[in-house]
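K.L.:
You'll find coords.txt just under this line, and it carries compact mmCIF, C-alpha atoms and all ligand atoms.
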```
# COMPACT_ATOMS: atom_id res chain seq x y z
CA MET D 754 2.06 -2.64 -29.13
CA ARG D 755 -0.77 -1.48 -26.87
CA THR D 756 -1.14 2.15 -25.78
CA ILE D 757 -0.25 2.91 -22.18
CA ASP D 758 -1.65 5.95 -20.37
CA GLU D 759 1.65 7.26 -18.98
CA GLN D 760 0.10 8.98 -15.97
CA TYR D 761 -0.92 5.59 -14.56
CA ARG D 762 2.41 3.81 -14.77
CA LEU D 763 3.65 2.77 -11.33
CA ASN D 764 6.53 4.71 -9.75
CA ASP D 765 9.78 3.50 -8.15
CA ASP D 766 8.27 3.33 -4.67
CA GLN D 767 5.39 1.17 -5.88
CA ILE D 768 7.75 -1.16 -7.77
CA LEU D 769 10.00 -1.53 -4.72
CA ASP D 770 6.96 -2.19 -2.56
CA PHE D 771 5.84 -4.84 -5.08
CA ILE D 772 9.28 -6.48 -5.03
CA VAL D 773 9.23 -6.66 -1.23
CA ASN D 774 5.61 -7.75 -0.74
CA GLY D 775 4.74 -9.54 -3.98
CA TYR D 776 1.42 -7.81 -4.55
CA HIS D 777 -0.15 -4.49 -5.53
CA LEU D 778 -3.75 -3.29 -5.46
CA VAL D 779 -5.28 -1.15 -8.22
CA GLU D 780 -8.60 0.59 -7.68
CA PRO D 781 -9.56 1.56 -11.25
CA GLU D 782 -12.09 4.33 -11.82
CA LEU D 783 -14.62 2.06 -13.54
CA PRO D 784 -17.77 3.22 -15.36
CA GLU D 785 -20.80 3.61 -13.14
CA GLY D 786 -22.73 0.35 -12.68
CA ILE D 787 -20.18 -2.01 -14.25
CA ASN D 788 -19.33 -3.86 -11.02
CA GLU D 789 -23.03 -4.40 -10.28
CA SER D 790 -23.72 -5.58 -13.83
CA ILE D 791 -20.82 -8.09 -13.68
CA CYS D 792 -22.03 -9.31 -10.27
CA ASP D 793 -25.53 -9.87 -11.65
CA GLU D 794 -24.09 -11.95 -14.52
CA LEU D 795 -21.89 -13.98 -12.16
CA ASP D 796 -24.78 -14.55 -9.74
CA LYS D 797 -26.75 -16.15 -12.58
CA LEU D 798 -24.06 -18.67 -13.58
CA VAL D 799 -24.98 -22.29 -12.90
CA GLU D 800 -21.67 -23.76 -13.99
CA ASN D 801 -18.10 -22.48 -14.16
CA PRO D 802 -17.30 -21.38 -17.75
CA LEU D 803 -13.55 -21.70 -16.94
CA ASP D 804 -11.55 -20.06 -19.75
CA GLU D 805 -14.76 -18.90 -21.46
CA ILE D 806 -15.64 -16.58 -18.55
CA PHE D 807 -14.70 -13.45 -20.55
CA ASP D 808 -17.08 -14.47 -23.35
CA VAL D 809 -19.88 -15.35 -20.97
CA VAL D 810 -19.44 -12.08 -19.03
CA PRO D 811 -18.05 -9.75 -21.73
CA ARG D 812 -17.87 -6.61 -19.56
CA LEU D 813 -14.94 -8.24 -17.75
CA LYS D 814 -12.88 -7.23 -20.79
CA GLU D 815 -13.51 -3.56 -19.98
CA VAL D 816 -12.14 -4.04 -16.48
CA PHE D 817 -8.96 -5.79 -17.60
CA ALA D 818 -8.50 -3.15 -20.35
CA HIS D 819 -8.95 -0.19 -17.99
CA PRO D 820 -6.04 2.28 -18.43
CA MET D 821 -5.05 2.05 -14.75
CA VAL D 822 -4.99 -1.75 -14.90
CA VAL D 823 -3.13 -1.86 -18.23
CA ALA D 824 -0.51 0.62 -16.98
CA ALA D 825 0.05 -1.47 -13.83
CA PHE D 826 0.53 -4.68 -15.86
CA ALA D 827 2.86 -2.84 -18.27
CA SER D 828 4.89 -1.36 -15.40
CA LEU D 829 5.48 -4.80 -13.95
CA LEU D 830 5.84 -6.93 -17.10
CA GLY D 831 6.65 -4.57 -19.97
CA ASP D 832 4.33 -2.98 -22.52
CA ASP D 833 4.19 -6.18 -24.56
CA TYR D 834 2.68 -8.28 -21.76
CA GLN D 835 0.25 -11.01 -22.76
CA GLU D 836 -3.08 -11.96 -21.23
CA SER D 837 -3.01 -15.70 -20.63
CA THR D 838 -5.45 -18.58 -20.64
CA HIS D 839 -6.37 -20.28 -17.35
CA ARG D 840 -8.88 -17.53 -16.66
CA HIS D 841 -11.19 -18.56 -13.91
CA TRP D 842 -14.25 -17.49 -11.98
CA HIS D 843 -13.67 -18.18 -8.28
CA LEU D 844 -16.95 -18.40 -6.42
CA LYS D 845 -16.88 -18.84 -2.66
CA PRO D 846 -20.43 -19.93 -1.94
CA PRO D 847 -22.19 -18.84 1.25
CA HIS D 848 -20.93 -20.84 4.26
CA SER D 849 -18.00 -22.42 2.43
CA SER D 850 -14.73 -23.41 4.05
CA TYR D 851 -11.29 -21.79 3.81
CA MET D 852 -8.84 -22.63 1.01
CA HIS D 853 -5.43 -23.87 2.09
CA TRP D 854 -2.13 -22.14 1.33
CA HIS D 855 -0.65 -22.83 -2.08
CA GLN D 856 1.48 -21.32 -4.82
CA ASP D 857 0.07 -21.39 -8.34
CA GLY D 858 1.97 -23.14 -11.11
CA ILE D 859 4.60 -25.79 -10.68
CA ASN D 860 7.58 -25.40 -8.40
CA THR D 861 10.21 -24.81 -11.05
CA ARG D 862 10.87 -21.13 -10.58
CA ASN D 863 13.49 -18.47 -10.89
CA VAL D 864 12.29 -16.35 -7.99
CA THR D 865 14.11 -13.17 -9.02
CA GLU D 866 12.59 -13.00 -12.52
CA ILE D 867 8.94 -11.93 -12.34
CA ARG D 868 7.49 -13.35 -15.53
CA THR D 869 3.89 -14.11 -14.57
CA LEU D 870 1.36 -12.22 -12.49
CA LEU D 871 -1.97 -13.29 -11.11
CA ALA D 872 -4.63 -10.61 -11.65
CA MET D 873 -7.71 -11.00 -9.45
CA TYR D 874 -10.74 -8.74 -9.90
CA TYR D 875 -13.41 -8.44 -7.18
CA PRO D 876 -16.68 -6.97 -8.53
CA HIS D 877 -18.13 -6.32 -5.06
CA GLU D 878 -16.79 -5.28 -1.67
CA VAL D 879 -15.17 -8.24 0.10
CA THR D 880 -15.40 -8.16 3.88
CA LEU D 881 -13.37 -10.32 6.28
CA ASP D 882 -16.25 -12.74 6.81
CA MET D 883 -16.88 -13.26 3.06
CA GLY D 884 -13.83 -15.48 2.40
CA PRO D 885 -11.33 -12.92 1.15
CA THR D 886 -8.18 -14.09 -0.64
CA LEU D 887 -5.31 -14.29 1.85
CA VAL D 888 -1.71 -13.55 0.86
CA VAL D 889 1.58 -13.79 2.75
CA PRO D 890 3.79 -10.83 1.76
CA GLY D 891 7.30 -11.71 0.62
CA THR D 892 6.60 -15.42 0.03
CA HIS D 893 7.18 -15.17 -3.72
CA PHE D 894 10.83 -15.62 -2.72
CA ARG D 895 10.02 -18.87 -0.87
CA ASN D 896 9.48 -21.73 -3.20
CA ALA D 897 7.44 -24.31 -1.26
CA PRO D 898 5.69 -27.39 -2.65
CA THR D 899 2.06 -27.42 -1.52
CA ASP D 900 2.42 -30.58 0.57
CA ARG D 901 4.97 -28.77 2.72
CA MET D 902 2.43 -26.04 3.47
CA ALA D 903 -0.14 -28.50 4.78
CA ASN D 904 0.63 -27.79 8.42
CA HIS D 905 0.61 -23.98 8.12
CA PHE D 906 -2.62 -22.33 9.16
CA ASN D 907 -2.68 -18.72 10.38
CA ILE D 908 0.66 -17.18 9.44
CA LYS D 909 1.88 -14.08 11.26
CA GLY D 910 1.79 -11.22 8.77
CA GLN D 911 -0.80 -12.81 6.45
CA VAL D 912 -2.95 -10.19 4.71
CA PRO D 913 -6.64 -10.75 3.92
CA LEU D 914 -7.58 -8.90 0.74
CA ALA D 915 -10.68 -7.26 2.18
CA VAL D 916 -11.16 -4.88 -0.72
CA LYS D 917 -13.65 -2.46 -2.13
CA ALA D 918 -15.80 -3.22 -5.18
CA GLY D 919 -13.83 -3.06 -8.42
CA THR D 920 -10.39 -3.74 -6.94
CA MET D 921 -7.81 -5.51 -9.09
CA ALA D 922 -5.27 -7.34 -6.93
CA ILE D 923 -2.05 -8.11 -8.78
CA THR D 924 0.32 -10.67 -7.26
CA VAL D 925 3.50 -12.41 -8.28
CA TYR D 926 2.26 -15.77 -9.58
CA SER D 927 4.16 -17.66 -6.90
CA LEU D 928 2.97 -15.63 -3.88
CA TRP D 929 1.55 -17.93 -1.20
CA HIS D 930 -2.21 -17.51 -1.08
CA GLY D 931 -5.42 -19.12 0.13
CA THR D 932 -8.71 -17.82 1.52
CA PHE D 933 -10.61 -17.36 4.72
CA ALA D 934 -13.98 -19.15 5.04
CA ASN D 935 -17.11 -17.42 3.80
CA THR D 936 -19.33 -17.38 6.88
CA THR D 937 -21.97 -15.09 5.35
CA ASP D 938 -25.12 -15.74 3.32
CA LYS D 939 -23.57 -13.93 0.33
CA LYS D 940 -21.71 -15.26 -2.70
CA ARG D 941 -18.11 -14.04 -2.96
CA HIS D 942 -16.99 -13.62 -6.57
CA MET D 943 -13.51 -13.18 -7.98
CA VAL D 944 -12.32 -13.46 -11.58
CA LYS D 945 -8.68 -14.19 -12.20
CA MET D 946 -6.40 -14.08 -15.20
CA PRO D 947 -2.66 -14.87 -15.32
CA ILE D 948 -0.62 -12.22 -17.19
CA ASN D 949 2.72 -13.09 -18.80
CA ARG D 950 5.88 -11.20 -19.66
CA THR D 951 6.86 -11.84 -23.27
CA SER D 952 10.32 -10.25 -23.39
CA ASP D 953 13.18 -9.77 -20.95
CA PRO D 954 13.39 -6.30 -19.41
CA VAL D 955 15.91 -3.96 -21.04
CA ALA D 956 14.95 -0.84 -19.07
CA PRO D 957 12.41 0.09 -16.38
CA SER D 958 8.87 0.04 -17.79
CA TRP D 959 7.49 2.16 -14.95
CA GLN D 960 7.91 5.88 -14.12
CA HIS D 961 11.55 5.57 -13.16
CA ASP D 962 13.79 8.25 -11.73
CA ASP D 963 17.52 7.49 -12.02
CA SER D 964 18.05 8.76 -8.50
CA ALA D 965 16.35 5.55 -7.35
CA ASN D 966 19.33 3.56 -8.67
CA GLU D 967 21.77 5.79 -6.82
CA LYS D 968 19.87 5.30 -3.61
CA VAL D 969 19.64 1.54 -4.12
CA SER D 970 23.30 1.07 -4.97
CA GLY D 971 24.87 3.87 -2.94
CA GLY D 972 24.41 2.40 0.53
CA SER D 973 22.40 5.49 1.38
CA LYS D 974 19.97 5.36 4.26
CA GLY D 975 17.48 7.12 1.96
CA GLY D 976 13.95 6.06 1.13
CA LEU D 977 14.23 3.54 -1.70
CA ASN D 978 17.28 1.82 -0.32
CA ALA D 979 15.54 1.58 3.02
CA THR D 980 12.59 -0.14 1.36
CA LEU D 981 14.76 -2.90 -0.07
CA LEU D 982 16.93 -3.29 3.02
CA ARG D 983 14.70 -2.81 5.98
CA ALA D 984 11.21 -3.86 4.99
CA GLN D 985 10.16 -7.01 6.76
CA PRO D 986 6.46 -7.58 6.04
CA VAL D 987 6.51 -10.99 7.75
CA PRO D 988 8.75 -11.47 10.80
CA VAL D 989 11.73 -13.66 9.80
CA ALA D 990 15.09 -14.64 11.28
CA GLN D 991 18.11 -12.48 10.47
CA THR D 992 19.64 -15.25 8.33
CA ASP D 993 16.49 -15.37 6.23
CA HIS D 994 16.28 -11.62 6.00
CA TYR D 995 19.73 -11.22 4.53
CA LYS D 996 18.86 -13.75 1.81
CA GLU D 997 15.60 -11.98 1.11
CA ARG D 998 17.36 -8.61 0.82
CA ARG D 999 19.71 -10.07 -1.77
CA LEU D 1000 16.84 -11.61 -3.72
CA ARG D 1001 14.98 -8.28 -3.68
CA ARG D 1002 18.06 -6.53 -5.04
CA MET D 1003 18.52 -9.13 -7.79
CA THR D 1004 14.85 -8.69 -8.75
CA TRP D 1005 15.21 -4.90 -8.89
CA ASP D 1006 18.32 -5.16 -11.09
CA TRP D 1007 16.63 -7.67 -13.41
CA MET D 1008 13.51 -5.51 -13.75
CA CYS D 1009 15.71 -2.49 -14.52
CA GLY D 1010 17.23 -4.49 -17.40
CA ARG D 1011 20.62 -5.12 -15.83
CA SER D 1012 21.81 -8.70 -15.89
CA ALA D 1013 24.43 -8.16 -13.17
CA PRO D 1014 23.87 -6.15 -9.99
CA SER D 1015 25.06 -2.54 -10.30
O1 LIG J 1 -10.67 -17.66 -4.41
C1 LIG J 1 -9.66 -17.07 -4.03
O2 LIG J 1 -9.70 -16.00 -3.44
C2 LIG J 1 -8.29 -17.68 -4.25
C3 LIG J 1 -8.22 -18.44 -5.51
C4 LIG J 1 -6.92 -19.11 -5.68
O3 LIG J 1 -6.33 -19.61 -4.77
C5 LIG J 1 -6.27 -19.17 -6.97
O4 LIG J 1 -6.73 -18.53 -7.90
O5 LIG J 1 -5.24 -19.87 -7.11
```
Starting from the file, give its structure as structure tokens.
Ligand SMILES: O=C(O)CCC(=O)C(=O)O

P.N.:
Amino acid sequence: MRTIDEQYRLNDDQILDFIVNGYHLVEPELPEGINESICDELDKLVENPLDEIFDVVPRLKEVFAHPMVVAAFASLLGDDYQESTHRHWHLKPPHSSYMHWHQDGINTRNVTEIRTLLAMYYPHEVTLDMGPTLVVPGTHFRNAPTDRMANHFNIKGQVPLAVKAGTMAITVYSLWHGTFANTTDKKRHMVKMPINRTSDPVAPSWQHDDSANEKVSGGSKGGLNATLLRAQPVPVAQTDHYKERRLRRMTWDWMCGRSAPS
């Protein structure tokens, strides 16, 4: 079992926020110069090494093994999470077009069991005009074959991941995502790796305070309960919202290691 630096585990608020929105950003305190060195290596690539990207650019391993990154993965997937294949360098060349909405993987999903995450590392600052990744918060609960997304363009509530150098964006694998166009003269780099859960949750793997459960189950108007009930990151109809609230609650219970809602 890997060692987790306890101080960096996520807390209840961050987990609830992740359940509602489907993504979380980590800004690890990386060694001086590492982002620049990785960028230099990526700039030099003439072909995509696909799964070999971590061997071709070995310092990527340091980023994905950073204690803040490891603790975030462990909080969301358990300490025995597994780094997966299908690693990929995503280059958006200068003056390249947008990427359409899609969900990764195939559309056989249990949306309340978060078993795979997409981890995306950006070695340089990404500005709005550089083709940032776009996500739609809450859409991990909306299973949608890609062909059905073909007529969606700008979605109200979409979030461009305009991030600072060194950011690790962690999303639920099924969160709807795409990109803006890169209208600049600069290359936009991103390196992604899927991360898998290997065992079902039996207890919270984050910094959990039992009072969070009371607030979630007690009908209180307090903070954590309010997050699950009221948050509406993308405007939706009331009928959709009540379904989403239920799905959020089922996800929380599953992540806490309870098979039936408390
Ligand atoms: O290049 C990006 O920002 C998005 C890549 C993407 O859609 C994916 O990894 O599935």

K.L.:
Considering only C-alpha atoms, return as a compact mmCIF listing (two decimals) with C-alpha atoms, in the coordinates of the input whatever protein or nucleic-acid residues lie within 12 Å of Arg862 (chain D), sequence-local ones (same chain, fewer than 5 positions apart) excluded.

P.N.:
```txt
# COMPACT_ATOMS: atom_id res chain seq x y z
CA GLN D 856 1.48 -21.32 -4.82
CA ASP D 857 0.07 -21.39 -8.34
CA ILE D 867 8.94 -11.93 -12.34
CA ARG D 868 7.49 -13.35 -15.53
CA THR D 869 3.89 -14.11 -14.57
CA HIS D 893 7.18 -15.17 -3.72
CA PHE D 894 10.83 -15.62 -2.72
CA ARG D 895 10.02 -18.87 -0.87
CA ASN D 896 9.48 -21.73 -3.20
CA ALA D 897 7.44 -24.31 -1.26
CA PRO D 898 5.69 -27.39 -2.65
CA VAL D 925 3.50 -12.41 -8.28
CA TYR D 926 2.26 -15.77 -9.58
CA SER D 927 4.16 -17.66 -6.90
CA LEU D 928 2.97 -15.63 -3.88
```

K.L.:
With only C-alpha atoms and all ligand atoms as the basis for distance, which of D:Met1003, D:Ser790, D:Pro802, D:Ala922 is at the shortest distance from ligand LIG 1 (chain J)?

P.N.:
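Closest candidate: D:Ala922.
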
K.L.:
So how many Å separate CA of Asn904 (chain D) and CA of Leu870 (chain D), to one decimal?

P.N.:
26.1 Å

K.L.:
At a cut-off of 12 Å around ligand LIG 1 (chain J), and using only C-alpha atoms and all ligand atoms, what residues come up? Please write them as an MDAnalysis selection string.

P.N.:
chainID D and resid 803 839:846 849:858 870:875 879 881 883:888 899 913:916 922:935 940:947

K.L.:
List as a ChimeraX atom specification the residues having at least one atom at most 6 Å from position (8.7, 1.6, -15.2) as given in the file, counting all atoms listed in the file.

P.N.:
/D:828,957-961

K.L.:
Given the choices D:Val773, D:His905, D:Gly919, D:Asp766, which gets closest to Leu813 (chain D) if the distance is worked out from all atoms listed in the file?

P.N.:
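Checking each candidate against Leu813 (chain D), we get D:Gly919 as the closest.
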
K.L.:
So, counting only C-alpha atoms, which residue among D:Pro847, D:Gly775, D:Gly831, D:Gly891 is closest to Ser952 (chain D)?

P.N.:
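Selected residue with least distance to Ser952 (chain D): D:Gly831.
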
K.L.:
Quote the spacing between CA of Asp1006 (chain D) and CA of His994 (chain D) in Å to one decimal place.

P.N.:
18.4 Å

K.L.:
Work out how far CA of Val823 (chain D) is from CA of Arg755 (chain D), in Å to one decimal.

P.N.:
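Going from CA of Arg755 (chain D) over to CA of Val823 (chain D) covers 9.0 Å.
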
K.L.:
List as a list in words the protein and nucleic acid residues near Ile772 (chain D), meaning an atom at most 8 Å away when all atoms listed in the file are counted, but skip any in the same chain fewer than 6 places from it.

P.N.:
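The residues satisfying every condition are Gly891, Arg1001, Thr1004 and Trp1005 of chain D.
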
K.L.:
Report the centre and edge lengths, in Å to one decimal, of an axis-aligned box enclosing every atom of region 937-942 of chain D listed in the file, padded by 3 Å on each side, as AutoDock Vina command-line options.

P.N.:
```
--center_x -21.1 --center_y -14.7 --center_z -0.6 --size_x 14.1 --size_y 8.1 --size_z 17.9
```
